[in-house]
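Participant: Input: one structure, supplied below.
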Amino acid sequence: MVHCVLKEMAVDLDPNDPQIRLSQFLYVGKEYPDYQPGNWFVHNYFLAKNVPSIEELAENIEKQLLPVEIITKAFESNLVPNPETLVFALAVCCRQMKSETLRHAAYAALNKICASPQHFILFIKFASQISKQKELDANSSSKHGWGQGLRKAVNHWYLSKTPMELAKCVTRYRGRYGWKHKDIIKLSHPVSKNPGGEIVFKYIIRGLEEINKSFDENSEFTEIIEYIKNVEDFKHCSDQVRAAALLETYKLTLDHVPGHLLKSKEIWNALIPSMDLHMLLTNLQRIHNLELLRPNSPTVSKVTEQLINDENISRSKVHPALVLVTIRDYENSGKPLTYEKRKIREQFDKPLPAPPKPNSKIIDALYKLLNLSFAHIQSTGLRYMVTINMNKVMLETHAWRSGNVNGAEAGCMIALALLRSEKNVTIATFKNVGIHTVNIDKTASFGQAMRRLQQMPVGNVNLGKPMSWAAYQNNKYDVFINVVDQIFEKTDTSEEALQAYKAKVKLPNTKLINCAVCSSSTYRKKKVDGNILTINGFDATVPVIIQAFAKSLF
């Protein structure tokens with residue numbers, strides 16, 4: 001029932017409605033439709049004052065439970081590119097003082113939204129941070145500290161796990177975001193009715209020596225104690241070969257690896273076969289820099305097997321955009337330095353040694369993965385028109401946030417991902433008068449699609465051209481996507497063209513996505529149109545945001 005109500009909400013309600021604004025925050029990090037990929041912690045997205053919609057809903061008795069329902073729906077969509085927004089919004093619900101009913105509902109949702117240990121600890125960080133800010137209710141002292149509601153929810157998170165599950169959680173993630181399980185348990189005081197759980201809590205607070213003294217002779221808990229001992233043994237092991245053997249034997253992950261073993265070739269060789277594709281792609285340059293991917297190295301075949309393994313690809317459902325960014329970064333020996341890092345580098349005379357040249361076998365495997373990954377994109381069943389600016393600027397300017405991918409490549413990836421997954425997609429380029437449609441085969445590789453786009457005529461960019469052309473042709477589309485280098489306020493007629501198109505073809509819910517892939521920001525309109533999304537920059541999250549917006553999830 002909730003899902004039906006929220007689905008209708010996304011289409012029918014005013015974009016200024018707090019329900020819509022909260023959904024927008026969960027997906028794009030702001031309460032208006034403007035998305036910028038990047039590190040949202042650095043740019044202060046996670047402040048309670050940035051989500052006023054939660055308090056507005058909490059004040060309305062009829063809508064006070066909607067925030068948790070909206071958060072849960074977004075969580076279940078699997079299309080939220082930065083799940084930290086879900087965790088933060090839940091923490092705001094728990095700390096607001098307008099509705100006690102909403103607080104209880106938010107605490108009850110903690111186990112679902114923050115099922116993973118890292119998200120649970122992040123929730124604790126946010127809840128504590130919001131208390132310190134004193135932004136929700138400056139006159140109330142009851143929201144500060146660890147009240148009964150928070151303690152009960154935190155204790156339930158710990159006590160709902162079996163002793164072995166709990167042992168695996170706390171040994172894998174001892175702490176995150178400046179908080180440790182030890183700190184949290186000292187504040188919440190969980191008491192396990194299961195003696196095995198008590199062993200784990202004692203280990204967290206007092207360490208391995210204490211449980212050795214108390215339970216060494218008790219065979220009933222041998223499995224848990226042995227597991228904890230083995231993980232501790234691994235974390236303090238200085239023999240790299242033995243540590244790698246322990247890692248394989250006990251199926252440990254990168255999260256278990258202590259700092260002194262992070263540059264060990266033996267450890268990485270042991271990790272690679274069990275890595276999922278996201279983790280492998282994220283750490284590929286790191287593995288390469290350790291000189292593990294030199295020609296004829298046995299690690300090369302391990303990595304290539306993982307990259308083109310059908311089962312891995314199907315399970316991970318890695319998006320081709322992430323693969324493309326990884327390819328370009330790997331071909332260019334890593335991500336470009338940020339402005340801050342470049343400035344620091346210039347202050348020192350000694351540049352860092354260049355990493356070994358990229359391995360051609362790895363690059364070949366990545367291109368195979370790129371082609372295979374298109375098969376796992378979820379179809380929306382909607383009709384799309386993607387118009388790309390293919391002029392010289394787009395071919396020579398790097399995309400913001402993915403500095404080794406140029407603007408034209410970002411546009412090609414957006415278009416090809418839709419072409420491969422949807423039945424009705426029109427691809428076009430801008431020309432001086434109107435647009436020029438491009439015929440690209442559905443089975444085309446990324447390289448073939450790029451070459452085809454580069455053969456097309458180029459001309460002046462006007463974001464309203466695609467809608468005007470479609471209205472004249474009487475072609476029906478659900479979503480228009482413009483991919484350009486940047487957007488200028490004086491020449492942006494896209495909103496007016498969209499309104500004219502919707503009136504002409506009688507499709508009131510048609511959406512428009514303007515992607516300024518080479519620009520970090522654009523102007524913000526005073527009046528927000530909920531059917532228009534602006535995207536600045538490009539990374540692997542951009543196609544996910546496009547899909548979520550097309551499906552009217554925010």
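Every chain in the structure tokens takes a letter, A first, then B, and so on in the order presented; its residues are numbered from 1, and the ligands are numbered from 1 following the presented order.
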Going by DSSP on the backbone, which bits of range 303-514 of chain A are strand (DSSP E or B)? Write them as a VMD selection string, please.

Facilitator: chain A and resid 383 to 388 398 to 399 402 to 406 424 to 430 435 to 438 479 to 484 511 to 514

Participant: Find the spatial neighbours of range 489-493 of chain A, counting only C-alpha atoms, within a cut-off of 6 Å - ignore same-chain residues fewer than 2 positions away - and output them as a list in words.

Facilitator: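 Non-adjacent residues within range: Gly464, Glu495 and Glu496 of chain A.
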
Participant: Those selected residues, please, written with N, CA, C and O atoms and delivered as a JSON list (two decimals), in the first residue's frame.

Facilitator:
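For reference, again05.json as written:
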```json
[["chain", "number", "residue", "atom", "x", "y", "z"],
["A", 464, "GLY", "N", 17.04, 23.28, -26.01],
["A", 464, "GLY", "CA", 15.63, 23.14, -26.37],
["A", 464, "GLY", "C", 15.41, 22.44, -27.70],
["A", 464, "GLY", "O", 14.29, 22.02, -28.02],
["A", 495, "GLU", "N", 13.56, 24.46, -20.52],
["A", 495, "GLU", "CA", 12.31, 24.35, -19.75],
["A", 495, "GLU", "C", 11.11, 24.77, -20.59],
["A", 495, "GLU", "O", 10.08, 24.08, -20.61],
["A", 496, "GLU", "N", 11.26, 25.87, -21.31],
["A", 496, "GLU", "CA", 10.15, 26.34, -22.16],
["A", 496, "GLU", "C", 9.86, 25.32, -23.27],
["A", 496, "GLU", "O", 8.70, 25.04, -23.58]]
```

Participant: Pick out the residues sitting within 9 Å of Val231 in chain A, and hand them over as an NGL selection string; count only C-alpha atoms, and ignore anything fewer than 2 positions along from it in its own chain.

Facilitator: :A and (171-172 or 226-229 or 233-236 or 246-247 or 250 or 252 or 256)

Participant: Which polymer residues have any atom within 7 Å of an atom of range 85-101 of chain A, counting only C-alpha atoms, with same-chain residues fewer than 2 positions away left out, as JSON, numbers by chain?

Facilitator: {"A": [26, 29, 46, 48, 54, 55, 58, 59, 64, 71, 82, 83, 103, 104, 105, 106, 107, 113, 114, 119, 123, 126, 127, 136, 137, 143]}

Participant: Now that the selection is made, can you save its residues with N, CA and C atoms as a PDB file, in the first residue's frame?

Facilitator:
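Contents of part-v6.pdb, freshly written:
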```pdb
ATOM      1  N   LEU A  26      17.362  12.070  -0.756  1.00  0.00           N
ATOM      2  CA  LEU A  26      17.873  10.698  -0.641  1.00  0.00           C
ATOM      3  C   LEU A  26      18.661  10.286  -1.883  1.00  0.00           C
ATOM      4  N   GLY A  29      21.138  14.197  -2.704  1.00  0.00           N
ATOM      5  CA  GLY A  29      21.814  14.884  -1.612  1.00  0.00           C
ATOM      6  C   GLY A  29      21.351  16.302  -1.389  1.00  0.00           C
ATOM      7  N   PHE A  46      25.750  16.582   4.787  1.00  0.00           N
ATOM      8  CA  PHE A  46      25.103  15.902   5.902  1.00  0.00           C
ATOM      9  C   PHE A  46      24.967  16.815   7.121  1.00  0.00           C
ATOM     10  N   ALA A  48      21.699  18.643   9.397  1.00  0.00           N
ATOM     11  CA  ALA A  48      20.252  18.508   9.599  1.00  0.00           C
ATOM     12  C   ALA A  48      19.474  19.640   8.927  1.00  0.00           C
ATOM     13  N   ILE A  54      11.901  16.708   6.659  1.00  0.00           N
ATOM     14  CA  ILE A  54      11.588  15.695   7.678  1.00  0.00           C
ATOM     15  C   ILE A  54      10.782  16.313   8.814  1.00  0.00           C
ATOM     16  N   GLU A  55      11.223  17.474   9.281  1.00  0.00           N
ATOM     17  CA  GLU A  55      10.472  18.144  10.361  1.00  0.00           C
ATOM     18  C   GLU A  55       9.100  18.604   9.887  1.00  0.00           C
ATOM     19  N   ALA A  58       6.960  15.633   9.982  1.00  0.00           N
ATOM     20  CA  ALA A  58       6.764  15.195  11.368  1.00  0.00           C
ATOM     21  C   ALA A  58       5.698  16.023  12.073  1.00  0.00           C
ATOM     22  N   GLU A  59       5.577  17.288  11.689  1.00  0.00           N
ATOM     23  CA  GLU A  59       4.586  18.176  12.323  1.00  0.00           C
ATOM     24  C   GLU A  59       3.161  17.863  11.888  1.00  0.00           C
ATOM     25  N   GLN A  64       3.189  12.045   9.499  1.00  0.00           N
ATOM     26  CA  GLN A  64       4.369  11.958  10.352  1.00  0.00           C
ATOM     27  C   GLN A  64       5.200  10.689  10.136  1.00  0.00           C
ATOM     28  N   ILE A  71      12.144   6.667   3.068  1.00  0.00           N
ATOM     29  CA  ILE A  71      13.510   6.148   3.213  1.00  0.00           C
ATOM     30  C   ILE A  71      13.548   4.656   2.874  1.00  0.00           C
ATOM     31  N   ASN A  82      24.376   7.007  -3.292  1.00  0.00           N
ATOM     32  CA  ASN A  82      25.150   7.219  -2.066  1.00  0.00           C
ATOM     33  C   ASN A  82      24.276   6.858  -0.867  1.00  0.00           C
ATOM     34  N   PRO A  83      24.318   5.595  -0.413  1.00  0.00           N
ATOM     35  CA  PRO A  83      23.426   5.150   0.667  1.00  0.00           C
ATOM     36  C   PRO A  83      23.596   5.927   1.967  1.00  0.00           C
ATOM     37  N   ARG A 103       9.944   9.075  15.653  1.00  0.00           N
ATOM     38  CA  ARG A 103      11.193   8.607  16.270  1.00  0.00           C
ATOM     39  C   ARG A 103      11.166   7.101  16.481  1.00  0.00           C
ATOM     40  N   HIS A 104      10.058   6.593  17.038  1.00  0.00           N
ATOM     41  CA  HIS A 104       9.950   5.151  17.295  1.00  0.00           C
ATOM     42  C   HIS A 104      10.014   4.357  15.986  1.00  0.00           C
ATOM     43  N   ALA A 105       9.343   4.865  14.945  1.00  0.00           N
ATOM     44  CA  ALA A 105       9.351   4.171  13.639  1.00  0.00           C
ATOM     45  C   ALA A 105      10.759   4.158  13.044  1.00  0.00           C
ATOM     46  N   ALA A 106      11.487   5.260  13.228  1.00  0.00           N
ATOM     47  CA  ALA A 106      12.851   5.343  12.694  1.00  0.00           C
ATOM     48  C   ALA A 106      13.779   4.380  13.422  1.00  0.00           C
ATOM     49  N   TYR A 107      13.654   4.310  14.750  1.00  0.00           N
ATOM     50  CA  TYR A 107      14.472   3.360  15.511  1.00  0.00           C
ATOM     51  C   TYR A 107      14.151   1.927  15.093  1.00  0.00           C
ATOM     52  N   ILE A 113      17.689  -0.559   7.440  1.00  0.00           N
ATOM     53  CA  ILE A 113      18.414   0.458   6.665  1.00  0.00           C
ATOM     54  C   ILE A 113      19.918   0.389   6.953  1.00  0.00           C
ATOM     55  N   CYS A 114      20.281   0.053   8.182  1.00  0.00           N
ATOM     56  CA  CYS A 114      21.697   0.008   8.577  1.00  0.00           C
ATOM     57  C   CYS A 114      22.102  -1.420   8.912  1.00  0.00           C
ATOM     58  N   HIS A 119      27.397   0.930   7.957  1.00  0.00           N
ATOM     59  CA  HIS A 119      26.274   1.869   7.962  1.00  0.00           C
ATOM     60  C   HIS A 119      25.712   2.058   9.362  1.00  0.00           C
ATOM     61  N   PHE A 123      25.505   5.595  11.233  1.00  0.00           N
ATOM     62  CA  PHE A 123      24.282   6.093  11.882  1.00  0.00           C
ATOM     63  C   PHE A 123      24.619   6.678  13.261  1.00  0.00           C
ATOM     64  N   PHE A 126      26.260  10.036  12.793  1.00  0.00           N
ATOM     65  CA  PHE A 126      25.299  11.079  12.423  1.00  0.00           C
ATOM     66  C   PHE A 126      24.412  11.468  13.601  1.00  0.00           C
ATOM     67  N   ALA A 127      23.918  10.470  14.349  1.00  0.00           N
ATOM     68  CA  ALA A 127      23.033  10.752  15.487  1.00  0.00           C
ATOM     69  C   ALA A 127      23.762  11.617  16.515  1.00  0.00           C
ATOM     70  N   LEU A 136      17.976  20.811  15.656  1.00  0.00           N
ATOM     71  CA  LEU A 136      16.581  20.409  15.503  1.00  0.00           C
ATOM     72  C   LEU A 136      15.660  21.111  16.490  1.00  0.00           C
ATOM     73  N   ASP A 137      16.132  21.308  17.731  1.00  0.00           N
ATOM     74  CA  ASP A 137      15.300  21.975  18.730  1.00  0.00           C
ATOM     75  C   ASP A 137      16.202  22.565  19.801  1.00  0.00           C
ATOM     76  N   LYS A 143      16.871  15.625  23.643  1.00  0.00           N
ATOM     77  CA  LYS A 143      17.370  14.946  22.455  1.00  0.00           C
ATOM     78  C   LYS A 143      18.870  14.659  22.533  1.00  0.00           C
TER      79      LYS A 143
END
```

Participant: Could you give me, as a CSV table (one decimal) with N, CA and C atoms, in the first residue's frame, the residues within 6 Å of Ser53 in chain A, counting only C-alpha atoms and dropping anything in the same chain fewer than 3 positions from it?

Facilitator:
```csv
chain,number,residue,atom,x,y,z
A,18,PRO,N,7.1,18.6,0.8
A,18,PRO,CA,8.2,18.0,1.6
A,18,PRO,C,8.4,16.5,1.2
A,22,LEU,N,12.1,15.4,0.2
A,22,LEU,CA,12.9,14.3,0.9
A,22,LEU,C,13.4,13.2,0.0
A,56,GLU,N,9.0,19.1,8.6
A,56,GLU,CA,7.7,19.5,8.1
A,56,GLU,C,6.7,18.4,8.1
```

Participant: Would you list the contacts of range 317-333 of chain A as a PyMOL selection string, taking every protein, DNA or RNA residue within 10 Å and counting only C-alpha atoms, but skipping same-chain residues closer than 5 positions in sequence?

Facilitator: chain A and resi 276-278+281-285+288-289+311-312+354-360+362-378+402-406+409-410+413-414+416-417+446+538-544

Participant: Do you know which residues are at most 10 Å from Val458 in chain A counting only C-alpha atoms, after dropping those on the same chain fewer than 6 positions away, and could you put them as a list of chain:residue names?

Facilitator: A:Ile388, A:Asn389, A:Met390, A:Asn391, A:Lys392, A:Thr429, A:Phe430, A:Lys431, A:Asn432, A:Val433, A:Ile435, A:His436

Participant: What is the CA of Val170 in chain A-CA of Asp183 in chain A distance in Å, reported with one decimal?

Facilitator: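 Interatomic distance here is 12.3 Å.
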
Participant: Using only C-alpha atoms, which residue out of A:Val42, A:Ile124, A:Leu110, A:Leu292 lies closest to Arg176 in chain A?

Facilitator: A:Ile124

Participant: Rounded to one decimal, what separation in Å do you get between CA of Glu305 in chain A and CA of Ser274 in chain A?

Facilitator: 11.6 Å

Participant: Please, what distance in Å, to one decimal, runs between CA of Arg151 in chain A and CA of Ser188 in chain A?

Facilitator: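 Computed distance, CA of Arg151 in chain A to CA of Ser188 in chain A, equals 4.8 Å.
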
Participant: Counting only C-alpha atoms, which residue out of A:Glu291, A:Pro273, A:Leu533, A:Lys465 sits closest to Asn309 in chain A?

Facilitator: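 Smallest distance to Asn309 in chain A is found for A:Pro273.
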